[in-house]
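*Asks:* Have a peek at data_29.cif (mmCIF, C-alpha atoms).
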data_model
loop_
_atom_site.label_atom_id
_atom_site.label_comp_id
_atom_site.auth_asym_id
_atom_site.auth_seq_id
_atom_site.Cartn_x
_atom_site.Cartn_y
_atom_site.Cartn_z
CA GLY A 406 149.17 155.96 -42.79
CA LYS A 407 150.04 159.41 -41.61
CA ILE A 408 149.46 162.90 -42.90
CA VAL A 409 151.26 166.16 -42.15
CA SER A 410 149.45 169.40 -41.43
CA LEU A 411 149.07 171.93 -44.22
CA ASP A 412 150.69 174.58 -42.09
CA MET A 413 153.59 175.02 -39.72
CA ALA A 414 154.66 177.48 -37.08
CA GLU A 415 157.63 178.67 -35.08
CA ARG A 416 157.02 177.78 -31.45
CA GLU A 417 159.03 176.96 -28.36
CA TRP A 418 158.94 173.39 -27.11
CA CYS A 419 158.30 174.95 -23.70
CA THR A 420 158.34 178.44 -22.23
CA ASP A 421 161.44 180.03 -20.71
CA GLU A 422 159.95 179.69 -17.23
CA GLN A 423 159.35 175.98 -17.76
CA ASP A 424 162.80 175.49 -19.26
CA TYR A 425 164.44 177.09 -16.20
CA LYS A 426 162.69 174.54 -13.97
CA ARG A 427 164.54 171.70 -15.79
CA ILE A 428 161.47 169.46 -15.84
CA VAL A 429 161.50 166.05 -17.50
CA VAL A 430 158.02 165.34 -18.84
CA GLY A 431 158.75 161.74 -19.87
CA ALA A 432 158.03 162.19 -23.58
CA SER A 433 160.92 159.93 -24.55
CA SER A 434 159.54 157.73 -27.34
CA THR A 435 161.46 158.06 -30.59
CA THR A 436 158.67 156.37 -32.56
CA ASP A 437 155.34 157.38 -30.98
CA GLY A 438 154.69 161.10 -31.12
CA LYS A 439 151.06 160.60 -30.11
CA ALA A 440 152.13 159.02 -26.80
CA ASN A 441 154.67 161.81 -26.24
CA THR A 442 152.08 164.47 -27.01
CA ASP A 443 149.52 162.84 -24.71
CA LYS A 444 152.06 162.87 -21.84
CA VAL A 445 152.69 166.59 -22.24
CA MET A 446 149.03 167.49 -22.68
CA ALA A 447 148.01 165.48 -19.60
CA ARG A 448 150.11 167.78 -17.42
CA SER A 449 148.35 170.46 -15.40
CA ASP A 450 150.88 172.96 -16.79
CA SER A 451 150.46 171.93 -20.45
CA GLU A 452 149.87 175.57 -21.45
CA ALA A 453 153.60 176.11 -20.83
CA TYR A 454 154.39 173.93 -23.90
CA PRO A 455 153.59 176.17 -26.91
CA ALA A 456 154.48 173.65 -29.63
CA PHE A 457 152.04 171.17 -28.13
CA VAL A 458 149.34 173.81 -27.58
CA TRP A 459 149.64 174.84 -31.25
CA ARG A 460 149.08 171.21 -32.21
CA ARG A 461 146.13 170.87 -29.83
CA ASP A 462 144.39 173.80 -31.48
CA LYS A 463 144.22 171.68 -34.65
CA GLY A 464 142.16 168.96 -32.95
CA GLU A 465 142.63 165.82 -30.90
CA ASP A 466 143.78 163.71 -33.87
CA TRP A 467 146.90 165.84 -34.36
CA TYR A 468 150.16 165.41 -32.49
CA LEU A 469 153.77 166.55 -32.50
CA PRO A 470 155.79 163.85 -34.29
CA ALA A 471 158.49 161.83 -32.55
CA ARG A 472 162.05 161.84 -33.88
CA ASP A 473 161.62 158.81 -36.16
CA GLU A 474 158.38 160.20 -37.57
CA LEU A 475 160.14 163.47 -38.43
CA GLU A 476 162.93 161.52 -40.09
CA SER A 477 160.27 159.77 -42.22
CA ILE A 478 158.85 163.16 -43.16
CA TYR A 479 162.33 164.26 -44.22
CA ALA A 480 162.72 161.11 -46.35
CA ALA A 481 159.45 161.92 -48.16
CA LYS A 482 159.92 165.71 -48.09
CA GLU A 483 160.15 166.19 -51.86
CA LYS A 484 156.93 164.27 -52.52
CA ILE A 485 155.14 165.99 -49.65
CA ASN A 486 156.25 169.41 -50.87
CA VAL A 487 154.97 168.75 -54.40
CA THR A 488 151.51 168.18 -52.95
CA LEU A 489 151.75 171.15 -50.59
CA GLU A 490 152.86 173.43 -53.42
CA ARG A 491 149.96 172.26 -55.59
CA LEU A 492 147.57 173.11 -52.74
CA LYS A 493 149.36 176.45 -52.21
CA MET A 494 150.16 175.48 -48.63
CA ALA A 495 153.29 175.92 -46.53
CA VAL A 496 155.99 173.56 -47.74
CA ILE A 497 158.45 171.86 -45.44
CA ILE A 498 161.27 174.37 -45.34
CA GLU A 499 164.93 173.58 -44.77
CA LYS A 500 165.02 174.54 -41.11
CA TRP A 501 165.20 172.82 -37.74
CA TYR A 502 162.00 171.11 -36.55
CA TRP A 503 161.11 170.11 -33.01
CA SER A 504 160.18 166.53 -32.36
CA SER A 505 158.14 165.49 -29.34
CA THR A 506 161.07 163.31 -28.21
CA GLU A 507 162.61 164.60 -25.01
CA ILE A 508 166.13 163.53 -24.10
CA ASP A 509 166.46 164.89 -20.57
CA ASP A 510 165.82 168.03 -18.53
CA LEU A 511 167.79 170.14 -21.01
CA CYS A 512 167.41 168.58 -24.45
CA VAL A 513 164.86 167.62 -27.08
CA ARG A 514 165.51 165.88 -30.40
CA VAL A 515 165.28 168.06 -33.50
CA VAL A 516 165.46 167.08 -37.16
CA ILE A 517 167.24 169.36 -39.60
CA MET A 518 165.15 169.38 -42.78
CA TYR A 519 167.92 170.44 -45.14
CA ASN A 520 170.02 167.32 -44.55
CA GLY A 521 167.89 164.95 -42.46
CA PHE A 522 170.31 164.92 -39.53
CA THR A 523 168.98 164.48 -36.04
CA SER A 524 170.41 166.70 -33.37
CA SER A 525 169.51 167.88 -29.91
CA SER A 526 168.53 171.31 -28.73
CA PHE A 527 170.10 172.46 -25.48
CA ASN A 528 167.34 174.97 -24.92
CA LYS A 529 163.74 173.73 -24.89
CA SER A 530 162.53 177.32 -25.08
CA PHE A 531 164.43 178.27 -28.25
CA SER A 532 161.87 180.07 -30.40
CA ASP A 533 163.46 179.78 -33.84
CA TYR A 534 162.55 176.12 -34.44
CA HIS A 535 159.54 174.98 -36.42
CA VAL A 536 156.69 172.59 -35.67
CA ARG A 537 154.48 170.62 -38.00
CA ALA A 538 151.64 168.44 -36.76
CA VAL A 539 150.96 164.84 -37.82
CA SER A 540 147.78 162.78 -37.78
CA ALA A 541 147.47 159.01 -38.18
CA PHE A 542 144.66 157.26 -40.01
#
Re-express the file's structure as structure tokens.

*Replies:*
Amino acid sequence: GKIVSLDMAEREWCTDEQDYKRIVVGASSTTDGKANTDKVMARSDSEAYPAFVWRRDKGEDWYLPARDELESIYAAKEKINVTLERLKMAVIIEKWYWSSTEIDDLCVRVVIMYNGFTSSSFNKSFSDYHVRAVSAF
């Protein structure tokens, strides 16, 4: 199974400087966020990826979910939010969430939590998107 973190944050997928370089990090899996996260964190410049650094600060078991994992979170959002509300933790809000799934040098997959649609961001350094970590057990 998988669990979602009790908190969330607004973070860039990567910094402006990194975005301008148009780097492809190879985090292209739509199903395996752990593998995507490991690819980013193995880079010598991993500090330039704030969403991933935020996740790392939670511990090694946590990762940024891939697109399909975020879609699964959306599908179970109401049940997850009931539990989060009971624990007085941050619920999954109806905003755009970064996945760890990179499309190319410009784009990353995002999931829109108010309708479940998947889209792409044309700016990896956009700071108004949210992140939520996942852990598998």

*Asks:* Could you tell me which residues the PyMOL selection byres ((chain A and resi 500) around 8) returns for this structure, as a list in words?

*Replies:* Ile498, Glu499, Trp501, Tyr502, Ile517, Met518, Tyr519, Tyr534 and His535 of chain A

*Asks:* From the list A:Thr488, A:Thr420, A:Ser525, A:Ser477, which residue is nearest Ala453 of chain A when using all atoms listed in the file?

*Replies:*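 Selected residue with least distance to Ala453 of chain A: A:Thr420.
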
*Asks:* Quick check, in Å to one decimal: how far apart do atom CA of Met494 of chain A and atom CA of Ala456 of chain A lie?

*Replies:*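 A separation of 19.6 Å between them.
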
*Asks:* Taking 4 positions as the minimum chain separation for residues in the same chain, which residues sit within 9 Å of Ile508 of chain A when counting all atoms listed in the file? Answer as a PDB file with C-alpha atoms, in the frame of the given file.

*Replies:*
ATOM      1  CA  VAL A 429     161.500 166.050 -17.500  1.00  0.00           C
ATOM      2  CA  GLY A 431     158.750 161.740 -19.870  1.00  0.00           C
ATOM      3  CA  ALA A 432     158.030 162.190 -23.580  1.00  0.00           C
ATOM      4  CA  SER A 433     160.920 159.930 -24.550  1.00  0.00           C
ATOM      5  CA  CYS A 512     167.410 168.580 -24.450  1.00  0.00           C
ATOM      6  CA  VAL A 513     164.860 167.620 -27.080  1.00  0.00           C
ATOM      7  CA  ARG A 514     165.510 165.880 -30.400  1.00  0.00           C
ATOM      8  CA  SER A 525     169.510 167.880 -29.910  1.00  0.00           C
TER       9      SER A 525
END

*Asks:* Once the PyMOL selection byres ((chain A and resi 408) around 7) is applied to the coordinates I shared, what remains selected? I want it as a list in words.

*Replies:* Gly406, Lys407, Val409, Ser410, Val539, Ser540 and Ala541 of chain A

*Asks:* Using all atoms listed in the file, determine which residues lie at most 10 Å from Thr436 of chain A, disregarding the query and same-chain residues fewer than 5 positions distant; provide the list as a list in words.

*Replies:* Asn441, Pro470, Ala471, Arg472, Asp473, Glu474, Leu475, Ser505 and Thr506 of chain A

*Asks:* What residues come out when you apply the PyMOL selection byres ((chain A and resi 444) around 12) to this file, written as a list of chain:residue names?

*Replies:*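 The output of the PyMOL selection byres ((chain A and resi 444) around 12) on this file is A:Val429, A:Val430, A:Gly431, A:Ala432, A:Ser433, A:Ser434, A:Asp437, A:Gly438, A:Lys439, A:Ala440, A:Asn441, A:Thr442, A:Asp443, A:Val445, A:Met446, A:Ala447, A:Arg448, A:Ser449, A:Asp450, A:Ser451, A:Tyr454, A:Phe457, A:Tyr468, A:Leu469, A:Ser505, A:Thr506, A:Glu507.
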
*Asks:* Take the residues just selected and output them with C-alpha atoms as a PDB file, keeping the file's coordinate frame.

*Replies:*
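Contents of again30.pdb, as written:
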ATOM      1  CA  VAL A 429     161.500 166.050 -17.500  1.00  0.00           C
ATOM      2  CA  VAL A 430     158.020 165.340 -18.840  1.00  0.00           C
ATOM      3  CA  GLY A 431     158.750 161.740 -19.870  1.00  0.00           C
ATOM      4  CA  ALA A 432     158.030 162.190 -23.580  1.00  0.00           C
ATOM      5  CA  SER A 433     160.920 159.930 -24.550  1.00  0.00           C
ATOM      6  CA  SER A 434     159.540 157.730 -27.340  1.00  0.00           C
ATOM      7  CA  ASP A 437     155.340 157.380 -30.980  1.00  0.00           C
ATOM      8  CA  GLY A 438     154.690 161.100 -31.120  1.00  0.00           C
ATOM      9  CA  LYS A 439     151.060 160.600 -30.110  1.00  0.00           C
ATOM     10  CA  ALA A 440     152.130 159.020 -26.800  1.00  0.00           C
ATOM     11  CA  ASN A 441     154.670 161.810 -26.240  1.00  0.00           C
ATOM     12  CA  THR A 442     152.080 164.470 -27.010  1.00  0.00           C
ATOM     13  CA  ASP A 443     149.520 162.840 -24.710  1.00  0.00           C
ATOM     14  CA  VAL A 445     152.690 166.590 -22.240  1.00  0.00           C
ATOM     15  CA  MET A 446     149.030 167.490 -22.680  1.00  0.00           C
ATOM     16  CA  ALA A 447     148.010 165.480 -19.600  1.00  0.00           C
ATOM     17  CA  ARG A 448     150.110 167.780 -17.420  1.00  0.00           C
ATOM     18  CA  SER A 449     148.350 170.460 -15.400  1.00  0.00           C
ATOM     19  CA  ASP A 450     150.880 172.960 -16.790  1.00  0.00           C
ATOM     20  CA  SER A 451     150.460 171.930 -20.450  1.00  0.00           C
ATOM     21  CA  TYR A 454     154.390 173.930 -23.900  1.00  0.00           C
ATOM     22  CA  PHE A 457     152.040 171.170 -28.130  1.00  0.00           C
ATOM     23  CA  TYR A 468     150.160 165.410 -32.490  1.00  0.00           C
ATOM     24  CA  LEU A 469     153.770 166.550 -32.500  1.00  0.00           C
ATOM     25  CA  SER A 505     158.140 165.490 -29.340  1.00  0.00           C
ATOM     26  CA  THR A 506     161.070 163.310 -28.210  1.00  0.00           C
ATOM     27  CA  GLU A 507     162.610 164.600 -25.010  1.00  0.00           C
TER      28      GLU A 507
END
